[in-house]
>>> print(open('protein-v7.txt').read())   # compact mmCIF, C-alpha atoms
# COMPACT_ATOMS: atom_id res chain seq x y z
CA MET A 101 12.10 3.78 3.43
CA SER A 102 10.83 3.24 6.95
CA THR A 103 11.34 -0.02 8.83
CA ILE A 104 8.24 -2.18 9.21
CA LEU A 105 9.79 -5.24 10.92
CA LYS A 106 12.98 -5.70 12.90
CA ALA A 107 14.27 -8.78 14.69
CA VAL A 108 16.92 -7.54 17.13
CA ASP A 109 19.76 -9.70 18.54
CA VAL A 110 17.70 -12.86 18.12
CA VAL A 111 18.86 -15.99 19.91
CA ALA A 112 16.55 -18.84 18.89
CA GLY A 113 16.26 -22.59 18.59
CA TYR A 114 14.32 -25.61 19.81
CA GLY A 115 14.08 -27.03 23.33
CA LYS A 116 17.47 -26.23 24.84
CA LEU A 117 19.27 -26.17 21.49
CA VAL A 118 20.38 -22.73 20.30
CA VAL A 119 20.46 -22.50 16.51
CA VAL A 120 20.52 -18.74 15.88
CA HIS A 121 23.07 -16.58 17.73
CA LYS A 122 22.49 -12.81 18.15
CA VAL A 123 21.19 -12.07 14.65
CA THR A 124 19.53 -8.79 13.71
CA VAL A 125 17.41 -8.56 10.55
CA GLU A 126 15.55 -5.50 9.30
CA LEU A 127 12.72 -5.31 6.77
CA LYS A 128 11.72 -1.96 5.28
CA LYS A 129 8.50 -1.06 3.55
CA ASN A 130 8.18 -2.11 -0.09
CA GLU A 131 11.23 -4.35 -0.20
CA ILE A 132 12.15 -8.02 -0.33
CA VAL A 133 14.80 -9.20 2.09
CA VAL A 134 16.21 -12.69 1.66
CA ILE A 135 18.06 -14.81 4.21
CA VAL A 136 20.43 -17.28 2.55
CA GLY A 137 23.17 -19.62 3.63
CA PRO A 138 24.16 -23.30 3.77
CA ASN A 139 21.74 -25.99 4.97
CA GLY A 140 21.42 -25.94 8.75
CA SER A 141 22.54 -22.32 9.04
CA GLY A 142 19.43 -21.20 10.92
CA LYS A 143 17.51 -19.47 8.13
CA SER A 144 14.17 -21.13 8.82
CA THR A 145 14.65 -20.98 12.59
CA LEU A 146 15.10 -17.22 12.41
CA ILE A 147 11.90 -16.77 10.38
CA LYS A 148 9.98 -19.07 12.73
CA SER A 149 11.20 -17.23 15.83
CA ILE A 150 9.33 -14.13 14.70
CA LEU A 151 6.05 -16.03 14.76
CA GLY A 152 6.68 -18.20 17.81
CA PHE A 153 7.23 -21.44 15.89
CA SER A 154 10.76 -21.72 17.24
CA LYS A 155 11.88 -20.76 20.75
CA LEU A 156 13.09 -17.19 21.23
CA PHE A 157 15.73 -17.38 23.99
CA ASP A 158 16.74 -13.73 23.73
CA GLY A 159 16.21 -10.64 21.60
CA LYS A 160 13.06 -8.82 20.58
CA ILE A 161 10.75 -8.45 17.59
CA LEU A 162 9.50 -5.01 16.54
CA TYR A 163 6.63 -4.53 14.09
CA GLU A 164 5.59 -1.04 13.02
CA ASN A 165 7.61 0.29 16.00
CA GLN A 166 5.65 -1.91 18.41
CA ASP A 167 7.27 -4.64 20.51
CA ILE A 168 5.49 -7.87 19.52
CA THR A 169 7.93 -10.26 21.20
CA GLY A 170 6.09 -13.32 22.47
CA LEU A 171 2.67 -12.44 21.07
CA ARG A 172 0.51 -15.37 19.98
CA THR A 173 0.67 -16.31 16.30
CA ASP A 174 -3.04 -15.66 15.71
CA ARG A 175 -2.65 -12.11 17.02
CA LEU A 176 0.31 -11.52 14.70
CA ILE A 177 -1.74 -12.71 11.73
CA ARG A 178 -4.56 -10.33 12.63
CA MET A 179 -2.01 -7.51 12.86
CA GLY A 180 -1.06 -8.07 9.22
CA ILE A 181 1.81 -10.57 9.33
CA GLY A 182 1.32 -13.36 6.81
CA TYR A 183 3.30 -16.60 6.84
CA VAL A 184 3.84 -19.31 4.23
CA PRO A 185 5.54 -22.40 5.71
CA GLN A 186 7.77 -24.72 3.71
CA ILE A 187 5.73 -27.90 4.23
CA ASN A 188 2.12 -28.74 5.07
CA ASN A 189 1.07 -25.36 3.70
CA VAL A 190 -2.17 -26.53 2.02
CA PHE A 191 -4.99 -28.90 2.95
CA THR A 192 -4.55 -31.59 0.33
CA ASN A 193 -7.97 -33.17 0.84
CA LEU A 194 -9.80 -29.87 0.23
CA THR A 195 -10.38 -28.01 -3.02
CA VAL A 196 -8.48 -24.88 -4.01
CA GLU A 197 -11.46 -22.70 -3.13
CA GLU A 198 -11.99 -24.42 0.22
CA ASN A 199 -8.34 -23.75 1.05
CA LEU A 200 -8.83 -20.07 0.27
CA GLU A 201 -11.98 -19.96 2.39
CA ILE A 202 -10.06 -21.41 5.35
CA GLY A 203 -7.40 -18.77 4.82
CA ALA A 204 -10.09 -16.13 5.25
CA TYR A 205 -11.30 -17.51 8.61
CA PRO A 206 -10.75 -14.24 10.57
CA LYS A 207 -13.13 -12.42 8.22
CA LYS A 208 -16.77 -12.61 9.34
CA ASP A 209 -18.47 -10.90 6.38
CA LYS A 210 -19.23 -13.52 3.69
CA ASN A 211 -19.36 -10.90 0.94
CA GLU A 212 -15.95 -9.62 2.01
CA VAL A 213 -14.58 -13.17 1.89
CA LYS A 214 -15.94 -13.69 -1.63
CA ALA A 215 -14.47 -10.38 -2.78
CA SER A 216 -11.07 -11.23 -1.31
CA ILE A 217 -11.03 -14.66 -2.94
CA SER A 218 -12.00 -13.09 -6.26
CA GLU A 219 -9.02 -10.72 -5.96
CA VAL A 220 -6.74 -13.69 -5.30
CA TYR A 221 -8.10 -15.40 -8.43
CA ASP A 222 -7.31 -12.24 -10.41
CA MET A 223 -3.79 -12.27 -8.99
CA PHE A 224 -3.22 -15.99 -9.61
CA PRO A 225 -5.31 -17.09 -12.64
CA VAL A 226 -4.21 -20.73 -12.29
CA LEU A 227 -6.13 -20.92 -9.01
CA ARG A 228 -9.36 -19.82 -10.66
CA GLN A 229 -8.87 -22.43 -13.36
CA LYS A 230 -8.50 -25.14 -10.72
CA LYS A 231 -10.74 -23.80 -7.96
CA ASN A 232 -12.74 -27.07 -7.77
CA GLU A 233 -9.62 -29.28 -7.94
CA ARG A 234 -8.36 -30.96 -4.79
CA ALA A 235 -5.14 -29.35 -3.61
CA GLY A 236 -3.54 -32.80 -3.43
CA ASN A 237 -3.82 -33.09 -7.22
CA LEU A 238 -1.92 -29.87 -7.89
CA SER A 239 1.71 -29.72 -8.97
CA GLY A 240 4.31 -28.56 -6.47
CA GLY A 241 4.40 -25.09 -8.00
CA GLU A 242 0.62 -24.82 -7.99
CA ARG A 243 0.46 -25.85 -4.34
CA GLN A 244 2.94 -23.15 -3.43
CA ILE A 245 0.89 -20.58 -5.35
CA LEU A 246 -2.21 -21.79 -3.49
CA ALA A 247 -0.38 -21.40 -0.16
CA LEU A 248 0.55 -17.88 -1.22
CA GLY A 249 -3.00 -17.14 -2.34
CA ARG A 250 -4.43 -18.38 0.94
CA VAL A 251 -2.29 -15.89 2.85
CA MET A 252 -3.14 -13.06 0.45
CA VAL A 253 -6.87 -13.46 1.18
CA LEU A 254 -6.24 -11.59 4.44
CA LYS A 255 -4.38 -8.75 2.67
CA PRO A 256 -1.29 -8.79 4.92
CA LYS A 257 1.11 -5.89 5.31
CA ILE A 258 4.15 -8.17 5.30
CA LEU A 259 4.80 -11.76 4.23
CA LEU A 260 7.23 -14.22 5.77
CA PHE A 261 8.30 -17.20 3.65
CA ASP A 262 10.15 -20.32 4.72
CA GLU A 263 11.96 -21.76 1.68
CA PRO A 264 9.32 -20.88 -0.96
CA THR A 265 11.09 -22.77 -3.77
CA ALA A 266 12.01 -25.94 -1.85
CA SER A 267 11.48 -29.11 -3.93
CA LEU A 268 10.18 -27.14 -6.92
CA SER A 269 11.38 -27.50 -10.50
CA PRO A 270 13.51 -24.60 -11.80
CA ILE A 271 10.58 -23.32 -13.88
CA ALA A 272 8.11 -23.50 -10.99
CA ALA A 273 10.64 -21.90 -8.62
CA SER A 274 11.14 -18.97 -10.99
CA GLN A 275 7.39 -18.52 -11.32
CA VAL A 276 6.84 -18.48 -7.55
CA LEU A 277 9.66 -15.96 -7.04
CA SER A 278 8.22 -13.82 -9.83
CA TYR A 279 4.87 -13.76 -8.03
CA ILE A 280 6.63 -12.79 -4.80
CA ARG A 281 8.29 -9.88 -6.60
CA GLU A 282 4.93 -8.76 -7.98
CA ILE A 283 3.38 -8.91 -4.51
CA CYS A 284 6.17 -6.76 -3.11
CA ASP A 285 5.76 -4.26 -5.95
CA SER A 286 2.08 -4.00 -4.99
CA GLY A 287 3.10 -2.68 -1.56
CA ILE A 288 3.62 -5.77 0.63
CA SER A 289 7.04 -6.19 2.23
CA VAL A 290 8.59 -9.68 2.11
CA LEU A 291 11.09 -11.48 4.34
CA MET A 292 12.06 -14.95 3.19
CA ALA A 293 14.48 -17.74 3.92
CA GLU A 294 15.57 -19.21 0.60
CA GLN A 295 17.71 -22.24 -0.23
CA ASN A 296 18.53 -21.11 -3.78
CA ALA A 297 20.89 -18.25 -3.01
CA ARG A 298 21.32 -16.97 -6.56
CA LYS A 299 17.61 -16.91 -7.40
CA GLY A 300 16.67 -15.53 -3.99
CA LEU A 301 19.17 -12.70 -4.22
CA ALA A 302 18.25 -11.96 -7.84
CA VAL A 303 14.62 -11.24 -6.91
CA SER A 304 15.31 -9.40 -3.63
CA ASP A 305 16.52 -5.96 -2.64
CA ARG A 306 18.75 -6.85 0.32
CA GLY A 307 20.16 -10.02 1.79
CA TYR A 308 21.64 -11.59 4.91
CA ILE A 309 23.95 -14.59 4.87
CA LEU A 310 23.75 -16.92 7.86
CA VAL A 311 26.44 -19.50 8.62
CA ASP A 312 26.20 -21.69 11.72
CA GLY A 313 23.49 -19.44 13.08
CA ARG A 314 25.48 -16.22 12.75
CA CYS A 315 25.25 -13.40 10.22
CA VAL A 316 28.47 -13.22 8.22
CA LYS A 317 27.34 -10.73 5.59
CA GLU A 318 24.54 -8.28 4.94
CA GLY A 319 23.98 -5.72 2.22
CA SER A 320 22.24 -5.11 -1.05
CA SER A 321 21.54 -8.26 -3.04
CA LYS A 322 23.62 -6.85 -5.88
CA GLU A 323 26.64 -6.38 -3.60
CA ILE A 324 26.37 -9.91 -2.25
CA LEU A 325 26.02 -11.46 -5.70
CA GLU A 326 29.04 -9.52 -6.95
CA ASP A 327 31.21 -10.56 -3.97
CA LYS A 328 32.90 -13.58 -5.50
CA GLU A 329 34.74 -14.56 -2.32
CA ILE A 330 31.52 -14.60 -0.27
CA GLY A 331 29.78 -16.52 -3.04
CA LYS A 332 32.44 -19.23 -3.12
CA LEU A 333 32.80 -19.52 0.64
CA TYR A 334 29.17 -19.59 1.71
CA LEU A 335 26.75 -19.81 -1.17
CA GLY A 336 28.25 -22.41 -3.48
CA LEU A 337 28.42 -19.88 -6.29
CA LYS A 338 31.10 -20.24 -8.94
CA ALA A 339 33.54 -17.43 -9.59
>>> encode(input="protein-v7.txt", output="structure tokens")
Amino acid sequence: MSTILKAVDVVAGYGKLVVVHKVTVELKKNEIVVIVGPNGSGKSTLIKSILGFSKLFDGKILYENQDITGLRTDRLIRMGIGYVPQINNVFTNLTVEENLEIGAYPKKDKNEVKASISEVYDMFPVLRQKKNERAGNLSGGERQILALGRVMVLKPKILLFDEPTASLSPIAASQVLSYIREICDSGISVLMAEQNARKGLAVSDRGYILVDGRCVKEGSSKEILEDKEIGKLYLGLKA
């Protein structure tokens, strides 16, 4: 499989604070890559550095063999990079359909927007059922699905997730991860930071473990899950 996104020797953080130290992460076509590790390990900061939401002190970002380091977020979105943040990822005072319409803002053709939203409804039936419901009345899992649907309106080539299961019930978390797997199987590559190491690794193809902003392990998700010592030391997994 060819590489579609690569963050090379990333040093990132906020203000003058360095959180991520020389980390390289690679995403290939048609795969899910998960970044796991203890709280405060730099998972979210690494994801945000790709989009310019955290400060990139050093390193470079390559997308489809093109150097996109420092490009504005709106340009990255138009190039096919979708992003689902952990919090504030829906407009709670707007309906489900209005949220999807806002997600389609770069599209100018109204018929194209309607067709894209219809495809999202086919993908996530719960959104069609609640299209006139205010997003603020949805459950946590439904909000996350709406956030995912809003990104999918633009038909991205890759998706970046920041903690997609944060604050969700176990059932809702499993459902969201199942949808992410389905999206990847449809041809969209996924890079995500995930707090639930076991569930994140179970749904992904490869993984990176960050500890104190440094990568301590990378490999297939199966290898990482089967490494009992790594699981005990860094992921809170029982032997």
>>> closest_residue(input="protein-v7.txt", among="A:Pro270, A:Gly137, A:Pro225, A:Pro185", to="Leu301 of chain A", atoms="all atoms listed in the file")
A:Gly137
>>> closest_residue(input="protein-v7.txt", among="A:Ile187, A:Leu268, A:Ile181, A:Leu291", to="Ile132 of chain A", atoms="all atoms listed in the file")
A:Leu291
>>> closest_residue(input="protein-v7.txt", among="A:Ile177, A:Val311, A:Val125, A:Ala297", to="Lys255 of chain A", atoms="all atoms listed in the file")
A:Ile177
>>> closest_residue(input="protein-v7.txt", among="A:Asp109, A:Asp167, A:Glu326, A:Glu294", to="Glu263 of chain A", atoms="only C-alpha atoms")
A:Glu294
>>> atom_distance(input="protein-v7.txt", atom1="atom CA of Gly142 of chain A", atom2="atom CA of Gly307 of chain A")
14.5 Å
>>> decode(input="protein-v7.txt", residues="segment 123-136 of chain A", atoms="all heavy atoms", output="PDB file, in the first residue's frame")
ATOM      1  N   VAL A 123       8.599  12.842  16.509  1.00  0.00           N
ATOM      2  CA  VAL A 123       7.761  11.662  16.236  1.00  0.00           C
ATOM      3  C   VAL A 123       7.438  11.596  14.746  1.00  0.00           C
ATOM      4  O   VAL A 123       7.078  12.607  14.136  1.00  0.00           O
ATOM      5  CB  VAL A 123       6.461  11.711  17.054  1.00  0.00           C
ATOM      6  CG1 VAL A 123       5.534  10.578  16.643  1.00  0.00           C
ATOM      7  CG2 VAL A 123       6.778  11.612  18.549  1.00  0.00           C
ATOM      8  N   THR A 124       7.564  10.414  14.181  1.00  0.00           N
ATOM      9  CA  THR A 124       7.197  10.169  12.787  1.00  0.00           C
ATOM     10  C   THR A 124       6.042   9.178  12.740  1.00  0.00           C
ATOM     11  O   THR A 124       6.103   8.114  13.360  1.00  0.00           O
ATOM     12  CB  THR A 124       8.391   9.616  11.985  1.00  0.00           C
ATOM     13  OG1 THR A 124       9.412  10.611  11.917  1.00  0.00           O
ATOM     14  CG2 THR A 124       7.968   9.236  10.562  1.00  0.00           C
ATOM     15  N   VAL A 125       4.987   9.546  12.020  1.00  0.00           N
ATOM     16  CA  VAL A 125       3.808   8.697  11.878  1.00  0.00           C
ATOM     17  C   VAL A 125       3.456   8.614  10.401  1.00  0.00           C
ATOM     18  O   VAL A 125       3.441   9.629   9.694  1.00  0.00           O
ATOM     19  CB  VAL A 125       2.604   9.264  12.670  1.00  0.00           C
ATOM     20  CG1 VAL A 125       1.335   8.486  12.353  1.00  0.00           C
ATOM     21  CG2 VAL A 125       2.879   9.205  14.162  1.00  0.00           C
ATOM     22  N   GLU A 126       3.152   7.410   9.956  1.00  0.00           N
ATOM     23  CA  GLU A 126       2.835   7.182   8.542  1.00  0.00           C
ATOM     24  C   GLU A 126       1.460   6.555   8.395  1.00  0.00           C
ATOM     25  O   GLU A 126       1.100   5.641   9.142  1.00  0.00           O
ATOM     26  CB  GLU A 126       3.902   6.266   7.923  1.00  0.00           C
ATOM     27  CG  GLU A 126       3.765   6.050   6.436  1.00  0.00           C
ATOM     28  CD  GLU A 126       4.920   5.220   5.878  1.00  0.00           C
ATOM     29  OE1 GLU A 126       5.731   4.705   6.689  1.00  0.00           O
ATOM     30  OE2 GLU A 126       5.015   5.075   4.653  1.00  0.00           O
ATOM     31  N   LEU A 127       0.689   7.058   7.441  1.00  0.00           N
ATOM     32  CA  LEU A 127      -0.641   6.524   7.151  1.00  0.00           C
ATOM     33  C   LEU A 127      -0.675   6.082   5.689  1.00  0.00           C
ATOM     34  O   LEU A 127      -0.407   6.876   4.786  1.00  0.00           O
ATOM     35  CB  LEU A 127      -1.715   7.588   7.398  1.00  0.00           C
ATOM     36  CG  LEU A 127      -3.164   7.207   7.051  1.00  0.00           C
ATOM     37  CD1 LEU A 127      -3.670   6.092   7.968  1.00  0.00           C
ATOM     38  CD2 LEU A 127      -4.070   8.423   7.139  1.00  0.00           C
ATOM     39  N   LYS A 128      -1.007   4.812   5.479  1.00  0.00           N
ATOM     40  CA  LYS A 128      -1.087   4.288   4.116  1.00  0.00           C
ATOM     41  C   LYS A 128      -2.543   4.250   3.653  1.00  0.00           C
ATOM     42  O   LYS A 128      -3.459   4.370   4.463  1.00  0.00           O
ATOM     43  CB  LYS A 128      -0.465   2.891   4.061  1.00  0.00           C
ATOM     44  CG  LYS A 128       1.017   2.891   4.400  1.00  0.00           C
ATOM     45  CD  LYS A 128       1.599   1.497   4.364  1.00  0.00           C
ATOM     46  CE  LYS A 128       3.085   1.524   4.729  1.00  0.00           C
ATOM     47  NZ  LYS A 128       3.680   0.165   4.742  1.00  0.00           N
ATOM     48  N   LYS A 129      -2.717   4.106   2.355  1.00  0.00           N
ATOM     49  CA  LYS A 129      -4.063   4.066   1.805  1.00  0.00           C
ATOM     50  C   LYS A 129      -4.825   2.858   2.335  1.00  0.00           C
ATOM     51  O   LYS A 129      -4.263   1.774   2.509  1.00  0.00           O
ATOM     52  CB  LYS A 129      -4.016   4.030   0.271  1.00  0.00           C
ATOM     53  CG  LYS A 129      -3.555   5.343  -0.335  1.00  0.00           C
ATOM     54  CD  LYS A 129      -3.631   5.307  -1.849  1.00  0.00           C
ATOM     55  CE  LYS A 129      -3.227   6.661  -2.434  1.00  0.00           C
ATOM     56  NZ  LYS A 129      -3.278   6.661  -3.916  1.00  0.00           N
ATOM     57  N   ASN A 130      -6.098   3.076   2.607  1.00  0.00           N
ATOM     58  CA  ASN A 130      -7.013   2.003   3.028  1.00  0.00           C
ATOM     59  C   ASN A 130      -6.601   1.339   4.336  1.00  0.00           C
ATOM     60  O   ASN A 130      -6.717   0.122   4.488  1.00  0.00           O
ATOM     61  CB  ASN A 130      -7.143   0.940   1.933  1.00  0.00           C
ATOM     62  CG  ASN A 130      -7.649   1.515   0.631  1.00  0.00           C
ATOM     63  OD1 ASN A 130      -8.536   2.362   0.621  1.00  0.00           O
ATOM     64  ND2 ASN A 130      -7.078   1.078  -0.476  1.00  0.00           N
ATOM     65  N   GLU A 131      -6.133   2.133   5.292  1.00  0.00           N
ATOM     66  CA  GLU A 131      -5.826   1.566   6.603  1.00  0.00           C
ATOM     67  C   GLU A 131      -6.223   2.549   7.700  1.00  0.00           C
ATOM     68  O   GLU A 131      -6.398   3.748   7.471  1.00  0.00           O
ATOM     69  CB  GLU A 131      -4.350   1.199   6.728  1.00  0.00           C
ATOM     70  CG  GLU A 131      -3.408   2.363   6.896  1.00  0.00           C
ATOM     71  CD  GLU A 131      -1.985   1.936   7.284  1.00  0.00           C
ATOM     72  OE1 GLU A 131      -1.740   0.742   7.520  1.00  0.00           O
ATOM     73  OE2 GLU A 131      -1.115   2.831   7.361  1.00  0.00           O
ATOM     74  N   ILE A 132      -6.391   1.981   8.898  1.00  0.00           N
ATOM     75  CA  ILE A 132      -6.598   2.780  10.101  1.00  0.00           C
ATOM     76  C   ILE A 132      -5.335   2.690  10.936  1.00  0.00           C
ATOM     77  O   ILE A 132      -4.858   1.597  11.243  1.00  0.00           O
ATOM     78  CB  ILE A 132      -7.786   2.271  10.937  1.00  0.00           C
ATOM     79  CG1 ILE A 132      -9.097   2.373  10.161  1.00  0.00           C
ATOM     80  CG2 ILE A 132      -7.905   3.078  12.232  1.00  0.00           C
ATOM     81  CD1 ILE A 132     -10.294   1.817  10.909  1.00  0.00           C
ATOM     82  N   VAL A 133      -4.809   3.844  11.298  1.00  0.00           N
ATOM     83  CA  VAL A 133      -3.659   3.909  12.194  1.00  0.00           C
ATOM     84  C   VAL A 133      -4.111   4.612  13.464  1.00  0.00           C
ATOM     85  O   VAL A 133      -4.720   5.683  13.414  1.00  0.00           O
ATOM     86  CB  VAL A 133      -2.487   4.670  11.548  1.00  0.00           C
ATOM     87  CG1 VAL A 133      -1.397   4.945  12.579  1.00  0.00           C
ATOM     88  CG2 VAL A 133      -1.916   3.865  10.386  1.00  0.00           C
ATOM     89  N   VAL A 134      -3.816   4.016  14.602  1.00  0.00           N
ATOM     90  CA  VAL A 134      -4.229   4.592  15.884  1.00  0.00           C
ATOM     91  C   VAL A 134      -3.008   5.005  16.688  1.00  0.00           C
ATOM     92  O   VAL A 134      -1.977   4.320  16.682  1.00  0.00           O
ATOM     93  CB  VAL A 134      -5.099   3.585  16.678  1.00  0.00           C
ATOM     94  CG1 VAL A 134      -4.306   2.356  17.089  1.00  0.00           C
ATOM     95  CG2 VAL A 134      -5.706   4.255  17.912  1.00  0.00           C
ATOM     96  N   ILE A 135      -3.126   6.148  17.343  1.00  0.00           N
ATOM     97  CA  ILE A 135      -2.085   6.636  18.253  1.00  0.00           C
ATOM     98  C   ILE A 135      -2.632   6.507  19.666  1.00  0.00           C
ATOM     99  O   ILE A 135      -3.665   7.101  19.996  1.00  0.00           O
ATOM    100  CB  ILE A 135      -1.730   8.103  17.962  1.00  0.00           C
ATOM    101  CG1 ILE A 135      -1.297   8.263  16.500  1.00  0.00           C
ATOM    102  CG2 ILE A 135      -0.622   8.586  18.893  1.00  0.00           C
ATOM    103  CD1 ILE A 135      -1.213   9.702  16.049  1.00  0.00           C
ATOM    104  N   VAL A 136      -1.977   5.709  20.488  1.00  0.00           N
ATOM    105  CA  VAL A 136      -2.447   5.471  21.853  1.00  0.00           C
ATOM    106  C   VAL A 136      -1.340   5.809  22.835  1.00  0.00           C
ATOM    107  O   VAL A 136      -0.197   6.065  22.460  1.00  0.00           O
ATOM    108  CB  VAL A 136      -2.905   4.000  22.044  1.00  0.00           C
ATOM    109  CG1 VAL A 136      -4.106   3.693  21.173  1.00  0.00           C
ATOM    110  CG2 VAL A 136      -1.769   3.027  21.731  1.00  0.00           C
TER     111      VAL A 136
END
